[in-house]
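Structure below is protein_32.cif: mmCIF, C-alpha atoms.
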data_target
loop_
_atom_site.label_atom_id
_atom_site.label_comp_id
_atom_site.auth_asym_id
_atom_site.auth_seq_id
_atom_site.Cartn_x
_atom_site.Cartn_y
_atom_site.Cartn_z
CA MET A 707 -26.43 17.02 -12.13
CA VAL A 708 -27.41 16.32 -15.72
CA GLU A 709 -27.30 19.31 -18.03
CA PRO A 710 -29.26 19.13 -21.27
CA ASP A 711 -27.18 19.32 -24.42
CA THR A 712 -29.64 21.77 -25.94
CA LEU A 713 -31.12 24.95 -24.56
CA ASP A 714 -34.78 25.00 -23.58
CA GLN A 715 -35.46 28.22 -25.38
CA PRO A 716 -34.35 29.49 -28.75
CA ILE A 717 -30.78 30.72 -28.36
CA HIS A 718 -28.70 31.52 -31.35
CA PRO A 719 -25.67 29.25 -31.75
CA GLU A 720 -23.54 32.39 -31.70
CA GLY A 721 -25.25 33.43 -28.44
CA ALA A 722 -24.03 30.22 -26.78
CA LEU A 723 -20.48 31.30 -27.62
CA LEU A 724 -20.78 34.71 -25.96
CA PRO A 725 -19.06 33.75 -22.64
CA TRP A 726 -15.97 32.74 -24.63
CA TYR A 727 -16.29 35.73 -26.94
CA LEU A 728 -16.01 37.72 -23.74
CA ASN A 729 -13.06 35.78 -22.28
CA GLY A 730 -11.21 35.96 -25.60
CA THR A 731 -10.67 32.26 -26.20
CA LEU A 732 -12.71 31.73 -29.37
CA ARG A 733 -10.96 30.70 -32.56
CA GLU A 734 -10.63 33.46 -35.11
CA ASP A 735 -13.37 32.07 -37.38
CA GLU A 736 -15.78 31.72 -34.42
CA ARG A 737 -15.02 35.25 -33.24
CA ARG A 738 -15.74 36.66 -36.72
CA GLN A 739 -18.98 34.66 -36.85
CA VAL A 740 -20.12 36.11 -33.47
CA ASP A 741 -19.10 39.63 -34.51
CA GLN A 742 -21.19 39.31 -37.62
CA HIS A 743 -24.16 37.95 -35.69
CA LEU A 744 -24.03 40.68 -33.03
CA SER A 745 -24.24 43.37 -35.66
CA SER A 746 -27.70 42.12 -36.57
CA CYS A 747 -29.08 40.61 -33.30
CA ALA A 748 -30.25 42.95 -30.55
CA ALA A 749 -31.11 40.09 -28.16
CA CYS A 750 -27.57 38.75 -28.25
CA ARG A 751 -26.17 42.24 -27.72
CA VAL A 752 -28.27 42.50 -24.54
CA GLU A 753 -27.08 39.05 -23.49
CA LEU A 754 -23.48 40.13 -24.09
CA ASP A 755 -23.98 43.24 -21.93
CA GLU A 756 -25.39 41.11 -19.11
CA LEU A 757 -22.50 38.69 -19.35
CA ALA A 758 -20.00 41.55 -19.33
CA GLN A 759 -21.60 42.92 -16.15
CA LEU A 760 -21.58 39.47 -14.58
CA ASN A 761 -17.96 39.06 -15.58
CA VAL A 762 -16.94 42.20 -13.70
CA GLU A 763 -18.88 41.23 -10.58
CA LEU A 764 -17.59 37.67 -10.56
CA HIS A 765 -14.01 38.88 -10.91
CA GLU A 766 -14.47 41.07 -7.88
CA VAL A 767 -16.09 38.24 -5.92
CA TYR A 768 -13.35 35.76 -6.76
CA ALA A 769 -10.59 38.27 -6.07
CA ALA A 770 -12.09 38.92 -2.63
CA GLN A 771 -12.22 35.25 -1.69
CA SER A 772 -9.86 33.97 0.95
CA ALA A 773 -6.49 32.39 0.32
CA PRO A 774 -5.25 29.25 2.06
CA SER A 775 -3.15 29.58 5.19
CA THR A 776 0.56 30.31 4.82
CA ARG A 777 1.21 27.01 6.58
CA ILE A 778 0.50 25.04 3.40
CA GLN A 779 2.93 27.07 1.31
CA ARG A 780 5.68 26.28 3.81
CA ALA A 781 4.67 22.61 3.82
CA VAL A 782 4.71 22.31 0.04
CA LEU A 783 7.94 24.23 -0.57
CA SER A 784 9.88 22.45 2.17
CA GLN A 785 8.69 19.09 0.84
CA VAL A 786 9.86 20.12 -2.63
CA GLN A 787 13.28 21.13 -1.27
CA LEU A 788 13.54 17.82 0.51
CA GLU A 789 12.68 15.79 -2.58
CA ASN A 790 15.01 17.88 -4.72
CA SER A 791 17.94 17.29 -2.36
CA ALA A 792 17.24 13.56 -2.33
CA LYS A 793 17.07 13.54 -6.14
CA ARG A 794 20.38 15.39 -6.42
CA ALA A 795 22.07 13.07 -3.94
CA LYS A 796 20.84 10.11 -5.96
CA SER A 797 22.17 11.52 -9.24
CA VAL A 798 25.62 12.17 -7.72
CA THR A 799 26.06 8.48 -6.96
CA GLY A 800 25.90 7.63 -10.66
CA PRO A 801 23.52 5.79 -12.91
CA GLN A 802 20.89 3.55 -11.38
CA TRP A 803 22.27 0.34 -12.90
CA LEU A 804 25.70 1.05 -11.44
CA LYS A 805 24.21 1.55 -8.03
CA GLY A 806 22.29 -1.71 -8.41
CA LEU A 807 25.48 -3.58 -9.27
CA ASP A 808 27.27 -1.99 -6.34
CA ASP A 809 24.44 -2.97 -4.00
CA TRP A 810 24.58 -6.54 -5.30
CA PHE A 811 28.31 -6.83 -4.67
CA ARG A 812 27.96 -5.32 -1.25
CA SER A 813 25.20 -7.76 -0.42
CA LEU A 814 27.60 -10.62 -1.10
CA PHE A 815 29.98 -9.32 1.51
CA VAL A 816 27.62 -8.09 4.09
CA PRO A 817 24.93 -10.70 4.64
CA ARG A 818 23.93 -11.39 8.21
CA TRP A 819 25.37 -14.92 8.07
CA ALA A 820 28.80 -13.91 6.71
CA PRO A 821 30.57 -13.48 10.07
CA ALA A 822 29.28 -16.88 11.25
CA LEU A 823 30.45 -18.50 8.02
CA ALA A 824 33.89 -16.89 8.36
CA VAL A 825 34.30 -18.25 11.91
CA LEU A 826 33.14 -21.69 10.79
CA LEU A 827 35.68 -21.72 7.96
CA LEU A 828 38.47 -20.70 10.32
CA VAL A 829 37.58 -23.46 12.77
CA ALA A 830 37.40 -26.02 9.94
CA GLN A 831 40.79 -24.91 8.61
CA PHE A 832 42.33 -25.13 12.05
CA GLY A 833 40.83 -28.59 12.61
CA LEU A 834 42.10 -29.80 9.24
CA LEU A 835 45.56 -28.52 10.09
CA LEU A 836 45.60 -30.36 13.42
CA TRP A 837 44.33 -33.56 11.84
CA THR A 838 46.98 -33.37 9.12
CA MET A 839 49.72 -32.88 11.68
CA ALA A 840 48.53 -35.69 13.96
CA ARG A 841 47.92 -38.31 11.25
CA PRO A 842 50.82 -40.70 10.38
CA THR A 843 52.17 -39.79 6.97
CA HIS A 844 53.72 -41.90 4.23
CA SER A 845 57.11 -40.38 4.94
CA ASP A 846 56.78 -41.39 8.59
CA GLN A 847 56.22 -45.00 7.56
CA VAL A 848 59.25 -44.99 5.30
CA THR A 849 61.39 -43.41 7.94
CA THR A 850 60.89 -46.33 10.30
CA ARG A 851 62.70 -48.56 7.93
CA GLY A 852 64.36 -46.22 5.50
CA VAL A 853 67.45 -44.21 5.34
CA GLY A 854 68.58 -43.17 8.74
CA SER A 855 67.29 -46.35 10.44
CA PRO A 856 69.68 -49.23 11.17
CA THR A 857 69.37 -51.74 8.37
CA VAL A 858 70.89 -54.94 7.20
CA ARG A 859 71.57 -55.56 3.53
CA LEU A 860 71.31 -58.96 1.88
CA ARG A 861 72.40 -60.12 -1.54
CA VAL A 862 69.55 -62.25 -2.85
CA VAL A 863 69.53 -64.23 -6.06
CA PHE A 864 66.07 -65.27 -7.18
CA LEU A 865 65.37 -68.20 -9.49
CA GLU A 866 64.65 -67.33 -13.13
CA THR A 867 61.23 -68.93 -12.64
CA ALA A 868 60.28 -66.53 -9.78
CA SER A 869 57.65 -64.02 -10.84
CA GLU A 870 57.81 -60.36 -9.97
CA ARG A 871 54.70 -60.82 -7.87
CA GLN A 872 56.35 -63.60 -5.81
CA ILE A 873 59.43 -61.44 -5.27
CA ARG A 874 57.39 -58.40 -4.21
CA SER A 875 55.22 -60.44 -1.89
CA LEU A 876 58.24 -62.00 -0.23
CA VAL A 877 60.07 -58.68 0.25
CA GLN A 878 57.00 -56.91 1.64
CA GLY A 879 56.19 -59.88 3.86
CA LEU A 880 59.54 -59.49 5.56
CA GLY A 881 59.19 -55.73 5.90
CA GLY A 882 62.12 -55.12 3.61
CA ARG A 883 62.76 -53.42 0.30
CA ILE A 884 64.87 -53.82 -2.82
CA VAL A 885 67.45 -51.06 -2.90
CA ASN A 886 69.42 -52.22 -5.93
CA GLY A 887 69.32 -54.76 -8.76
CA PRO A 888 68.85 -56.85 -10.54
CA THR A 889 72.39 -57.19 -11.77
CA PRO A 890 73.02 -59.09 -15.05
CA ASP A 891 73.37 -62.31 -13.08
CA GLY A 892 69.96 -61.75 -11.36
CA THR A 893 71.23 -60.47 -8.01
CA TYR A 894 69.14 -58.01 -5.89
CA ILE A 895 70.34 -56.01 -2.89
CA MET A 896 67.62 -56.23 -0.27
CA GLU A 897 67.46 -54.09 2.86
CA LEU A 898 65.81 -55.24 6.11
CA PRO A 899 65.31 -53.41 9.36
CA ALA A 900 68.26 -54.24 11.57
CA GLY A 901 66.38 -55.09 14.76
CA ASP A 902 68.06 -57.73 16.88
CA GLN A 903 70.30 -60.38 15.44
CA THR A 904 67.86 -63.21 16.02
CA ALA A 905 65.07 -61.52 14.10
CA VAL A 906 67.37 -60.81 11.18
CA GLN A 907 68.56 -64.36 11.14
CA LYS A 908 65.01 -65.58 11.20
CA LYS A 909 64.17 -63.52 8.16
CA VAL A 910 67.25 -64.81 6.36
CA ASP A 911 66.12 -68.34 7.17
CA ILE A 912 62.65 -67.63 5.81
CA LEU A 913 64.15 -66.31 2.59
CA ARG A 914 66.39 -69.36 2.23
CA SER A 915 63.40 -71.65 2.80
CA GLN A 916 61.65 -70.19 -0.28
CA THR A 917 63.38 -72.65 -2.58
CA GLU A 918 60.76 -72.33 -5.33
CA SER A 919 61.76 -68.67 -5.85
CA VAL A 920 65.05 -67.95 -4.02
CA ARG A 921 68.38 -69.40 -5.12
CA THR A 922 70.81 -67.83 -2.58
CA VAL A 923 70.77 -65.34 0.30
CA GLU A 924 73.96 -63.80 1.69
CA PRO A 925 74.53 -60.86 4.04
CA VAL A 926 76.36 -57.88 2.55
CA ALA A 927 79.29 -56.67 4.55
CA PRO A 928 78.68 -53.19 5.96
CA MET B 1263 18.48 31.16 -8.27
CA ASP B 1264 15.25 32.15 -6.50
CA ALA B 1265 11.62 32.58 -7.55
CA THR B 1266 12.18 36.22 -8.58
CA HIS B 1267 14.33 34.98 -11.46
CA TRP B 1268 11.14 33.47 -12.92
CA GLN B 1269 9.01 36.56 -12.25
CA ASP B 1270 8.08 37.18 -15.87
CA ALA B 1271 8.21 33.63 -17.18
CA SER B 1272 5.21 32.12 -18.94
CA ASP B 1273 3.35 29.19 -17.45
CA PRO B 1274 4.70 26.68 -20.02
CA ASP B 1275 8.28 27.89 -19.40
CA LEU B 1276 7.81 27.58 -15.66
CA LEU B 1277 6.41 24.08 -15.97
CA ALA B 1278 9.26 23.04 -18.27
CA ALA B 1279 11.74 24.24 -15.65
CA VAL B 1280 9.80 22.44 -12.93
CA ALA B 1281 10.06 19.26 -15.01
CA GLY B 1282 13.84 19.75 -14.76
CA SER B 1283 13.53 19.88 -10.94
CA ASP B 1284 13.95 23.65 -10.70
CA ALA B 1285 12.60 24.40 -7.23
CA ALA B 1286 12.69 28.18 -7.79
CA ALA B 1287 10.49 27.84 -10.89
CA PHE B 1288 8.12 25.70 -8.87
CA GLU B 1289 7.98 28.32 -6.15
CA ARG B 1290 6.96 30.92 -8.72
CA LEU B 1291 4.35 28.58 -10.23
CA TYR B 1292 3.07 27.89 -6.73
CA GLN B 1293 2.71 31.61 -6.02
CA LEU B 1294 0.69 32.01 -9.22
CA TYR B 1295 -1.64 29.11 -8.58
CA GLU B 1296 -1.98 28.55 -4.85
CA LYS B 1297 -4.96 30.84 -4.29
CA ARG B 1298 -6.65 29.96 -7.58
CA VAL B 1299 -6.35 26.24 -6.97
CA TYR B 1300 -7.55 26.62 -3.37
CA GLN B 1301 -10.61 28.64 -4.40
CA TYR B 1302 -11.38 26.24 -7.23
CA VAL B 1303 -11.14 23.28 -4.83
CA CYS B 1304 -13.45 25.16 -2.46
CA THR B 1305 -16.15 25.11 -5.13
CA ILE B 1306 -15.97 21.29 -4.92
CA ILE B 1307 -15.27 20.84 -1.20
CA TYR B 1308 -16.94 23.04 1.38
CA ASP B 1309 -14.31 22.42 4.01
CA PRO B 1310 -11.37 24.82 4.12
CA ALA B 1311 -9.10 22.41 6.02
CA LEU B 1312 -9.74 19.55 3.62
CA ALA B 1313 -9.41 21.95 0.67
CA GLU B 1314 -5.96 22.93 1.96
CA GLU B 1315 -4.93 19.29 2.13
CA VAL B 1316 -6.09 18.87 -1.45
CA VAL B 1317 -4.05 21.90 -2.53
CA VAL B 1318 -0.93 20.37 -0.95
CA ASP B 1319 -1.58 17.05 -2.71
CA ALA B 1320 -2.33 18.72 -6.03
CA MET B 1321 0.71 21.00 -6.01
CA MET B 1322 3.01 18.14 -5.01
CA ALA B 1323 1.53 16.17 -7.92
CA VAL B 1324 2.36 19.13 -10.19
CA TRP B 1325 5.96 19.10 -8.90
CA ARG B 1326 6.35 15.36 -9.38
CA GLY B 1327 4.46 15.09 -12.65
CA ALA B 1328 5.51 18.25 -14.53
CA GLY B 1329 7.37 16.12 -17.06
CA ARG B 1330 4.10 14.50 -18.08
CA PHE B 1331 2.50 17.77 -19.20
CA SER B 1332 1.80 17.22 -22.89
CA ARG B 1333 1.19 20.86 -23.93
CA SER B 1334 -2.12 19.81 -25.48
CA SER B 1335 -3.91 22.22 -23.13
CA ARG B 1336 -3.12 25.29 -21.08
CA VAL B 1337 -1.00 24.78 -17.99
CA SER B 1338 -3.89 26.11 -15.91
CA THR B 1339 -6.29 23.51 -17.33
CA TRP B 1340 -3.77 20.78 -16.52
CA ILE B 1341 -3.28 22.01 -12.96
CA PHE B 1342 -7.02 22.42 -12.35
CA GLY B 1343 -7.53 18.93 -13.74
CA ILE B 1344 -5.13 17.54 -11.13
CA ALA B 1345 -6.77 19.59 -8.37
CA ARG B 1346 -10.25 18.44 -9.41
CA HIS B 1347 -9.16 14.81 -9.43
CA LYS B 1348 -7.61 15.17 -5.97
CA ALA B 1349 -10.69 16.98 -4.65
CA LEU B 1350 -13.08 14.29 -5.87
CA ASP B 1351 -10.75 11.65 -4.40
CA ALA B 1352 -10.81 13.46 -1.06
CA LEU B 1353 -14.62 13.57 -1.15
CA ARG B 1354 -14.77 9.84 -1.80
CA ARG B 1355 -12.16 9.12 0.87
CA THR B 1356 -13.89 11.16 3.54
CA GLY B 1357 -17.36 10.06 2.50
CA ARG B 1358 -18.49 13.63 2.13
CA HIS B 1359 -20.82 14.93 -0.52
CA HIS B 1360 -20.35 17.76 -2.90
CA HIS B 1361 -20.73 21.27 -1.68
CA ASP B 1362 -24.10 21.92 -0.15
CA VAL B 1363 -24.91 25.35 1.18
CA PRO B 1364 -24.49 25.12 4.94
CA LEU B 1365 -27.37 26.26 7.07
CA ASP B 1366 -25.52 29.14 8.72
CA GLU B 1367 -24.56 30.52 5.30
CA ALA B 1368 -28.16 30.27 4.14
CA LEU B 1369 -29.30 32.17 7.24
CA GLU B 1370 -26.97 35.00 6.38
CA LEU B 1371 -28.77 35.60 3.10
CA PRO B 1372 -30.65 38.88 3.10
CA HIS B 1373 -34.38 38.60 3.46
CA ALA B 1374 -36.43 39.45 0.39
CA GLN B 1375 -38.25 42.23 2.25
CA GLU B 1376 -34.97 43.88 3.17
CA SER B 1377 -34.39 44.77 -0.44
CA PRO B 1378 -31.17 46.76 -0.78
CA SER B 1379 -32.37 47.85 -4.30
CA GLU B 1380 -30.78 51.10 -5.46
CA SER B 1381 -29.23 51.93 -2.13
CA VAL B 1382 -26.83 49.02 -2.31
CA ASN B 1383 -23.27 50.12 -2.68
CA ARG B 1384 -20.56 48.34 -4.58
CA LYS B 1385 -19.33 46.37 -1.60
CA GLN B 1386 -22.80 45.18 -0.79
CA LEU B 1387 -23.36 44.24 -4.42
CA ILE B 1388 -20.27 42.05 -4.38
CA SER B 1389 -21.36 40.55 -1.09
CA LEU B 1390 -24.78 39.75 -2.54
CA THR B 1391 -23.25 38.19 -5.63
CA GLN B 1392 -20.99 36.09 -3.43
CA GLN B 1393 -23.89 34.87 -1.38
CA ALA B 1394 -25.99 34.21 -4.47
CA LEU B 1395 -23.11 32.21 -5.92
CA ARG B 1396 -23.05 30.02 -2.83
CA THR B 1397 -26.62 28.97 -3.43
CA LEU B 1398 -25.72 27.55 -6.83
CA SER B 1399 -24.89 23.92 -7.35
CA ARG B 1400 -21.26 22.84 -7.32
CA GLU B 1401 -21.37 22.33 -11.09
CA HIS B 1402 -22.69 25.83 -11.74
CA GLN B 1403 -20.20 27.47 -9.40
CA GLU B 1404 -17.38 25.49 -10.95
CA ILE B 1405 -18.21 26.32 -14.54
CA LEU B 1406 -18.74 30.03 -13.87
CA ARG B 1407 -15.29 30.19 -12.26
CA LEU B 1408 -13.65 28.32 -15.13
CA VAL B 1409 -15.21 30.56 -17.80
CA PHE B 1410 -15.18 33.99 -16.22
CA TYR B 1411 -12.23 33.89 -13.82
CA GLU B 1412 -9.90 31.29 -15.25
CA GLU B 1413 -10.93 32.24 -18.79
CA LEU B 1414 -10.57 28.75 -20.19
CA PRO B 1415 -11.73 27.83 -23.71
CA TYR B 1416 -14.88 25.72 -23.83
CA GLU B 1417 -13.03 22.75 -25.38
CA GLU B 1418 -10.62 22.64 -22.44
CA ILE B 1419 -13.44 22.97 -19.92
CA ALA B 1420 -15.16 20.06 -21.65
CA ALA B 1421 -11.98 17.98 -21.33
CA LEU B 1422 -11.44 19.05 -17.71
CA LEU B 1423 -14.98 18.17 -16.65
CA SER B 1424 -15.28 15.18 -19.00
CA ILE B 1425 -18.48 16.47 -20.57
CA PRO B 1426 -19.41 17.32 -24.19
CA THR B 1427 -18.75 20.85 -25.41
CA ASN B 1428 -22.48 21.43 -25.94
CA THR B 1429 -23.08 20.60 -22.29
CA VAL B 1430 -20.42 23.15 -21.35
CA LYS B 1431 -22.29 25.83 -23.29
CA THR B 1432 -25.71 24.97 -21.87
CA ARG B 1433 -24.32 24.64 -18.35
CA VAL B 1434 -22.88 28.14 -18.49
CA TYR B 1435 -26.17 29.46 -19.82
CA TYR B 1436 -28.22 27.82 -17.03
CA ALA B 1437 -25.69 28.82 -14.37
CA LYS B 1438 -25.97 32.42 -15.46
CA GLN B 1439 -29.77 32.20 -15.50
CA ARG B 1440 -29.80 30.68 -12.04
CA LEU B 1441 -27.48 33.34 -10.64
CA LYS B 1442 -29.60 36.06 -12.19
CA HIS B 1443 -32.68 34.53 -10.57
CA GLN B 1444 -31.01 34.30 -7.16
CA LEU B 1445 -29.82 37.90 -7.29
CA LYS B 1446 -33.33 38.99 -8.13
CA GLN B 1447 -34.60 36.99 -5.14
CA PHE B 1448 -32.11 38.75 -2.89
CA GLY B 1449 -33.37 42.08 -4.12
CA GLN B 1450 -30.55 43.12 -6.37
CA PRO B 1451 -31.80 45.38 -9.14
CA GLU B 1452 -32.08 43.68 -12.51
CA ARG B 1453 -28.62 44.14 -13.87
CA VAL B 1454 -27.75 40.58 -14.63
#

In structure tokens, what does this structure look like?
Amino acid sequence: MVEPDTLDQPIHPEGALLPWYLNGTLREDERRQVDQHLSSCAACRVELDELAQLNVELHEVYAAQSAPSTRIQRAVLSQVQLENSAKRAKSVTGPQWLKGLDDWFRSLFVPRWAPALAVLLLVAQFGLLLWTMARPTHSDQVTTRGVGSPTVRLRVVFLETASERQIRSLVQGLGGRIVNGPTPDGTYIMELPAGDQTAVQKKVDILRSQTESVRTVEPVAP
Amino acid sequence: MDATHWQDASDPDLLAAVAGSDAAAFERLYQLYEKRVYQYVCTIIYDPALAEEVVVDAMMAVWRGAGRFSRSSRVSTWIFGIARHKALDALRRTGRHHHDVPLDEALELPHAQESPSESVNRKQLISLTQQALRTLSREHQEILRLVFYEELPYEEIAALLSIPTNTVKTRVYYAKQRLKHQLKQFGQPERV
């Protein structure tokens, strides 16, 4: 519906304010203006009387109108109680940012895949442990020819012209090791796995045959 | 603390307490406004069940949004504004139109020849006025209620209805003229 902004018959501007003069919501200056106008305008006084009569009748009509069912009051108030309880419970747990941080930490520990990952890690650790135990270690290799194994010691004098590389290559080639030396006269104590006598002798022979690097080879008395 | 604690509190005080999640203050505010909001919504929606749904929505919006009340108007204007918005939403949602006088109501209107004239008693007069009101357009019913029953200032009515203040004044004038005409048609003596 489109209402015109102006009245279709001459109405005093003060007359248009009469409904609000009656309901008491005019500003003080407007109320004084209407008062002044009414004292000199019979038509507006009649209009005011009609509005006053209408006001009484409308009040009675509105007061007699029905109220909504009591069901909706219960619905609204119980919903309010529910929301209020939820709000209070939320505020007890602390500030929102703290709760967010807590949730984030918890999410790290309680993802769906965490139990599977934990089992996988345990299996991997167990496997690594078994592999480490089964694999031959450096100490095992030393043990086969080190302290505790039967050995034979030789006193070996290398030529001054023999390089360190030649010496190392020769010792390793025979499966032995230098356990002492060199002394001031260039003597090394070399240890070989004892094995059988023939094998030891063979190794001694090999050493003696290296005339370009070995001067003398003699067994050390036990 | 229950609603009786807030028995004599003003509307702004009640709403301030509601903004602080005071359920007892809300209960008091609800008691004060439930019927008024329902009747106001009924001037927009001629369906009591749908009007009740709108009242629930509107009052829950008051509970949740009390902190947003700016005090630039009366509390009643603010609440009616929410109710009006919800009512128009409900009309759009349900595809219904604004209040039209249903046929059965129109049939109840007294026939012109059965003029109650001077013999009408007070009760009948109120009944006639009520029936005459129902023949008015939604806009006329709404503005008469806001001016005479809710006693809102014209500036706030203009803001509530989103119309210029001059339109508020002319609408009240034409609503009153229309009601006067209808009452005359129904045979009520010329009092309005």

At most 6 Å to chain B: residues in chain A, only C-alpha atoms, as a ChimeraX atom specification: /A:711,722,729,731,756,761,767,773

Around range 1264-1270 of chain B, fit a box with edges along x, y and z, padding it by 3 Å on each side, then list its centre and edge lengths in Å to one decimal as JSON.
{"center_x": 11.7, "center_y": 34.7, "center_z": -11.2, "size_x": 13.2, "size_y": 11.0, "size_z": 15.4}

Among the residues B:Gly1449, B:Thr1356, B:Thr1397, B:Val1324, the one that comes closest to Val786 in chain A [using only C-alpha atoms]: B:Val1324

CA of Val906 in chain A to CA of Arg871 in chain A, straight-line distance in Å: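 Computed distance, CA of Arg871 in chain A to CA of Val906 in chain A, equals 22.9 Å.
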
Explicit residue set for the PyMOL selection byres ((chain B and resi 1268-1272) around 12), as a PyMOL selection string: chain B and resi 1263-1267+1273-1280+1284-1294+1336-1338

Two-atom distance - CA of Arg1358 in chain B, CA of Ile1306 in chain B (Å): 10.7 Å

One-decimal distance in Å that lies between CA of Val863 in chain A and CA of Thr922 in chain A: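 These two atoms are separated by 5.2 Å.
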
Residues near His743 in chain A, cut-off 12 Å, all atoms listed in the file, skip fewer than 3 positions along chain, as JSON, numbers by chain: {"A": [718, 719, 720, 721, 722, 723, 724, 727, 736, 737, 738, 739, 740, 746, 747, 748, 749, 750, 751, 754]}

Residue nearest Gln1403 in chain B - candidates A:Leu764, A:Ala758, A:Leu827, A:Leu788, atoms counted: all atoms listed in the file: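 Nearest candidate to Gln1403 in chain B out of A:Leu764, A:Ala758, A:Leu827, A:Leu788: A:Leu764.
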
Residue among B:Ile1307, B:Ala1394, B:Leu1408, B:Leu1422 lying closest to Arg1440 in chain B, counting all atoms listed in the file: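 Closest candidate: B:Ala1394.
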
A:Leu728, A:Ser745, A:Tyr768, A:Phe864 ranked by distance to Thr1305 in chain B, top pick (using all atoms listed in the file):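 Once distances to Thr1305 in chain B are computed over all atoms listed in the file, the minimum belongs to A:Tyr768.
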
Neighbour list for range 876-890 of chain A as a PyMOL selection string, cut-off 12 Å, all atoms listed in the file, skip fewer than 4 positions in-chain: chain A and resi 847-848+850-853+857-866+868-872+894-901+905-916+918-920

Produce a file of the selected residues containing C-alpha atoms, as a compact mmCIF listing (two decimals), in the frame of the given file.
# COMPACT_ATOMS: atom_id res chain seq x y z
CA GLN A 847 56.22 -45.00 7.56
CA VAL A 848 59.25 -44.99 5.30
CA THR A 850 60.89 -46.33 10.30
CA ARG A 851 62.70 -48.56 7.93
CA GLY A 852 64.36 -46.22 5.50
CA VAL A 853 67.45 -44.21 5.34
CA THR A 857 69.37 -51.74 8.37
CA VAL A 858 70.89 -54.94 7.20
CA ARG A 859 71.57 -55.56 3.53
CA LEU A 860 71.31 -58.96 1.88
CA ARG A 861 72.40 -60.12 -1.54
CA VAL A 862 69.55 -62.25 -2.85
CA VAL A 863 69.53 -64.23 -6.06
CA PHE A 864 66.07 -65.27 -7.18
CA LEU A 865 65.37 -68.20 -9.49
CA GLU A 866 64.65 -67.33 -13.13
CA ALA A 868 60.28 -66.53 -9.78
CA SER A 869 57.65 -64.02 -10.84
CA GLU A 870 57.81 -60.36 -9.97
CA ARG A 871 54.70 -60.82 -7.87
CA GLN A 872 56.35 -63.60 -5.81
CA TYR A 894 69.14 -58.01 -5.89
CA ILE A 895 70.34 -56.01 -2.89
CA MET A 896 67.62 -56.23 -0.27
CA GLU A 897 67.46 -54.09 2.86
CA LEU A 898 65.81 -55.24 6.11
CA PRO A 899 65.31 -53.41 9.36
CA ALA A 900 68.26 -54.24 11.57
CA GLY A 901 66.38 -55.09 14.76
CA ALA A 905 65.07 -61.52 14.10
CA VAL A 906 67.37 -60.81 11.18
CA GLN A 907 68.56 -64.36 11.14
CA LYS A 908 65.01 -65.58 11.20
CA LYS A 909 64.17 -63.52 8.16
CA VAL A 910 67.25 -64.81 6.36
CA ASP A 911 66.12 -68.34 7.17
CA ILE A 912 62.65 -67.63 5.81
CA LEU A 913 64.15 -66.31 2.59
CA ARG A 914 66.39 -69.36 2.23
CA SER A 915 63.40 -71.65 2.80
CA GLN A 916 61.65 -70.19 -0.28
CA GLU A 918 60.76 -72.33 -5.33
CA SER A 919 61.76 -68.67 -5.85
CA VAL A 920 65.05 -67.95 -4.02

Could you rebuild range 874-881 of chain A with N, CA, C and O atoms and give it back as a PDB file, keeping the file's coordinate frame?
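Contents of result37.pdb, as written:
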ATOM      1  N   ARG A 874      57.920 -59.539  -4.960  1.00  0.00           N
ATOM      2  CA  ARG A 874      57.390 -58.400  -4.210  1.00  0.00           C
ATOM      3  C   ARG A 874      56.722 -58.865  -2.923  1.00  0.00           C
ATOM      4  O   ARG A 874      56.901 -58.279  -1.855  1.00  0.00           O
ATOM      5  N   SER A 875      55.951 -59.920  -3.045  1.00  0.00           N
ATOM      6  CA  SER A 875      55.220 -60.440  -1.890  1.00  0.00           C
ATOM      7  C   SER A 875      56.181 -60.888  -0.783  1.00  0.00           C
ATOM      8  O   SER A 875      55.965 -60.615   0.409  1.00  0.00           O
ATOM      9  N   LEU A 876      57.246 -61.505  -1.189  1.00  0.00           N
ATOM     10  CA  LEU A 876      58.240 -62.000  -0.230  1.00  0.00           C
ATOM     11  C   LEU A 876      58.943 -60.845   0.478  1.00  0.00           C
ATOM     12  O   LEU A 876      59.078 -60.822   1.717  1.00  0.00           O
ATOM     13  N   VAL A 877      59.353 -59.845  -0.314  1.00  0.00           N
ATOM     14  CA  VAL A 877      60.070 -58.680   0.250  1.00  0.00           C
ATOM     15  C   VAL A 877      59.175 -57.925   1.227  1.00  0.00           C
ATOM     16  O   VAL A 877      59.588 -57.592   2.346  1.00  0.00           O
ATOM     17  N   GLN A 878      57.927 -57.670   0.782  1.00  0.00           N
ATOM     18  CA  GLN A 878      57.000 -56.910   1.640  1.00  0.00           C
ATOM     19  C   GLN A 878      56.663 -57.704   2.898  1.00  0.00           C
ATOM     20  O   GLN A 878      56.501 -57.134   3.981  1.00  0.00           O
ATOM     21  N   GLY A 879      56.530 -59.015   2.724  1.00  0.00           N
ATOM     22  CA  GLY A 879      56.190 -59.880   3.860  1.00  0.00           C
ATOM     23  C   GLY A 879      57.254 -59.825   4.959  1.00  0.00           C
ATOM     24  O   GLY A 879      56.938 -59.944   6.145  1.00  0.00           O
ATOM     25  N   LEU A 880      58.454 -59.553   4.566  1.00  0.00           N
ATOM     26  CA  LEU A 880      59.540 -59.490   5.560  1.00  0.00           C
ATOM     27  C   LEU A 880      59.785 -58.056   6.037  1.00  0.00           C
ATOM     28  O   LEU A 880      60.670 -57.821   6.863  1.00  0.00           O
ATOM     29  N   GLY A 881      59.023 -57.138   5.492  1.00  0.00           N
ATOM     30  CA  GLY A 881      59.190 -55.730   5.900  1.00  0.00           C
ATOM     31  C   GLY A 881      60.435 -55.122   5.302  1.00  0.00           C
ATOM     32  O   GLY A 881      60.972 -54.139   5.823  1.00  0.00           O
TER      33      GLY A 881
END
